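Worksheet for the structure shown next.
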Amino acid sequence: MRLAFEGGRFEEALMQLDKVDAEKRKLPYLFERALTAHYANHFEESNQIFEQAEILAEDLYTKSISREALSLLTSDNIRPYSGTRYERFLVHYYRVLNYVYLNLLDDALVECRRARRLLQHYVDEDPTYNFAGSAFLAYLSGILYEWTGDWNDAYISYRWAEAGYQRYEKHLGISLPTDIGYALVRLARWLGFNQEAERYAQLYGEPPQYPSGSGELILIHESGFVPSKTEEELFFPIFKTDPFIHQEEENEEEVWDFADTVVHRQNFEYDDAELEYLMRVAIPVCTSNRPRLMGFEMEVKFSGETDLQSKLGENLSRRLEVGNFQALSVSVEDVEGAVLSTFDSEQRVILLRTVVRA
């Protein structure tokens, strides 16, 4: 399926997904199926499956809270995969695109509002949330709201995007796109927020002035795949002097304290210690294998009046080259970075849980 997908043979990929056994059609399968349907231009089908995935993810997330304590001391199989935060935002992202391609703009805006509520929930739940997967969606929502003339919601979305990219820069190395700053200046003025408009103008500068009758082309370029998980074996020494070696009954809190001690023994050398045995555990690892995409250059074949092209080139000299009519891209999202950041934050808990079970 992966080879067919990479080769752009999306119908073939869908046929291969149809062969997956029914008992394996869980949340990851729904994500894959909906995404493949999106790229195969089956936008209605894609949205239907994404909706199933969203309902299932919410149900599994709710149930996982009650199962978490039990799963700490038992197999991870009791913890059905409920999806990550960035995956749930990607569901909204692709559903928004599906609605846009179906020319259902009202439905696209409803999806934007649902994504904003989810973002608010995560921020309320975790004040340290780094907005992984959500800043670009807020940016895209602002574009769509502005496109449909909903200035207030556009302004709110751009402010969410601003907050998200400010945290992105620290965690993922992606800076705030200049267009967001310009949009905040422009919309604050249109809405009569004069003090805010001046503050944003000082921060981001004055937005460029477009000639009347001109338009804006927005190209979203997606590149690459997130890294797959592999398995790594780790070894930890257990000494004859350690507790629980000869005990049959164990206190749960003491077990966790001991597991934390064992985890910190990794890569340490011990000269005077009598070894009882080596504990071997296998944990998942996730490593990036792709080069960092710095950007791309786009060339537009212009067939309109040459004076409009000249005006655009004059007003947007930093972004366009008159004659070639080229524009440079800007990075707005790093899904792989979100994957690795999320995985790294969970790795210690995964290791502790594995050691406790061992």
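As shown in the structure tokens, the chain order sets the letters A, B, ...; within each chain, residues go from 1, and ligands are also counted from 1 in the order they appear.
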
Set the distance at 7 Å and use only C-alpha atoms: which residues neighbour stretch 336-343 of chain A once local chain neighbours fewer than 5 positions away are removed? I'd like the list as a count of residues only. 6

Skip stretch 173-176 of chain A itself and residues of its chain fewer than 3 positions away, then list as a PyMOL selection string all residues within 7 Å of it, counting only C-alpha atoms. chain A and resi 162+165-166+168-170+331-332

Among stretch 165-296 of chain A, which residues carry a DSSP assignment of alpha helix (DSSP H), reported as an MDAnalysis selection string? chainID A and resid 165:171 178:190 194:204 252:263

With only C-alpha atoms as the counted atoms, please give the residues lying no more than 6 Å from stretch 42-54 of chain A, apart from itself and same-chain residues fewer than 3 positions off, as a ChimeraX atom specification. /A:27,30,34,37-38,57,95,98

Within 10 Å of A:Gly205, counting only C-alpha atoms, which residues show up once you throw out same-chain ones fewer than 5 positions away? Write them as a ChimeraX atom specification, please. /A:178,181-182,185,198-200

May I have the residues from that selection written out with N, CA and C atoms, as a PDB file, in the first residue's frame?
ATOM      1  N   THR A 178       5.020  35.780   7.735  1.00  0.00           N
ATOM      2  CA  THR A 178       4.790  37.229   7.719  1.00  0.00           C
ATOM      3  C   THR A 178       3.352  37.575   7.363  1.00  0.00           C
ATOM      4  N   GLY A 181       1.124  38.239  10.400  1.00  0.00           N
ATOM      5  CA  GLY A 181       1.293  39.568  10.980  1.00  0.00           C
ATOM      6  C   GLY A 181       0.586  40.631  10.166  1.00  0.00           C
ATOM      7  N   TYR A 182       0.721  40.554   8.835  1.00  0.00           N
ATOM      8  CA  TYR A 182       0.039  41.515   7.970  1.00  0.00           C
ATOM      9  C   TYR A 182      -1.477  41.404   8.118  1.00  0.00           C
ATOM     10  N   VAL A 185      -2.683  43.149  11.270  1.00  0.00           N
ATOM     11  CA  VAL A 185      -2.723  44.608  11.099  1.00  0.00           C
ATOM     12  C   VAL A 185      -3.965  44.998  10.299  1.00  0.00           C
ATOM     13  N   GLU A 198      -2.115  49.307  15.657  1.00  0.00           N
ATOM     14  CA  GLU A 198      -0.824  49.991  15.747  1.00  0.00           C
ATOM     15  C   GLU A 198       0.232  49.097  16.391  1.00  0.00           C
ATOM     16  N   ARG A 199      -0.198  48.331  17.389  1.00  0.00           N
ATOM     17  CA  ARG A 199       0.757  47.423  18.041  1.00  0.00           C
ATOM     18  C   ARG A 199       1.247  46.367  17.055  1.00  0.00           C
ATOM     19  N   TYR A 200       0.319  45.799  16.286  1.00  0.00           N
ATOM     20  CA  TYR A 200       0.719  44.792  15.303  1.00  0.00           C
ATOM     21  C   TYR A 200       1.578  45.409  14.196  1.00  0.00           C
TER      22      TYR A 200
END

All residues 7 Å or closer to A:Ala161, only C-alpha atoms, same chain fewer than 2 positions away omitted, as an MDAnalysis selection string: chainID A and resid 135:136 138:139 157:159 163:165

Write down as a tab-separated table (two decimals) with C-alpha atoms, in the first residue's frame the residues of stretch 83-311 of chain A whose backbone DSSP state falls under strand (DSSP E or B).
chain	number	residue	atom	x	y	z
A	229	LYS	CA	8.39	3.19	14.63
A	230	THR	CA	11.03	0.52	15.08
A	231	GLU	CA	12.09	-1.54	18.08
A	232	GLU	CA	15.20	-1.14	20.20
A	233	GLU	CA	16.50	-3.46	22.92
A	234	LEU	CA	17.85	-2.00	26.15
A	235	PHE	CA	19.68	-3.77	28.97
A	236	PHE	CA	19.60	-2.77	32.64
A	237	PRO	CA	21.59	-4.37	35.48
A	238	ILE	CA	19.70	-5.81	38.44
A	239	PHE	CA	21.93	-6.26	41.50
A	275	LEU	CA	25.02	-8.70	39.36
A	276	GLU	CA	21.85	-10.74	39.83
A	277	TYR	CA	20.84	-10.61	36.15
A	278	LEU	CA	20.50	-8.30	33.15
A	279	MET	CA	17.01	-7.05	32.44
A	280	ARG	CA	16.30	-6.86	28.72
A	281	VAL	CA	13.40	-4.72	27.50
A	282	ALA	CA	12.25	-3.74	24.03
A	283	ILE	CA	10.84	-0.27	23.47
A	284	PRO	CA	9.65	1.60	20.37
A	285	VAL	CA	11.92	4.22	18.82
A	286	CYS	CA	11.13	6.87	16.25
A	297	GLU	CA	10.03	28.08	-5.56
A	298	MET	CA	6.82	28.40	-7.54
A	299	GLU	CA	6.43	29.86	-11.02

Can you measure atom CA of A:Glu146 to atom CA of A:Leu187 for me? One decimal in Å is fine. 8.9 Å

At what distance in Å, to one decimal, does atom CA of A:Gly142 lie from atom CA of A:Ala115? 12.1 Å

Would you compute the distance between atom CA of A:Phe193 and atom CA of A:Tyr155? Give it in Å to one decimal. 10.7 Å
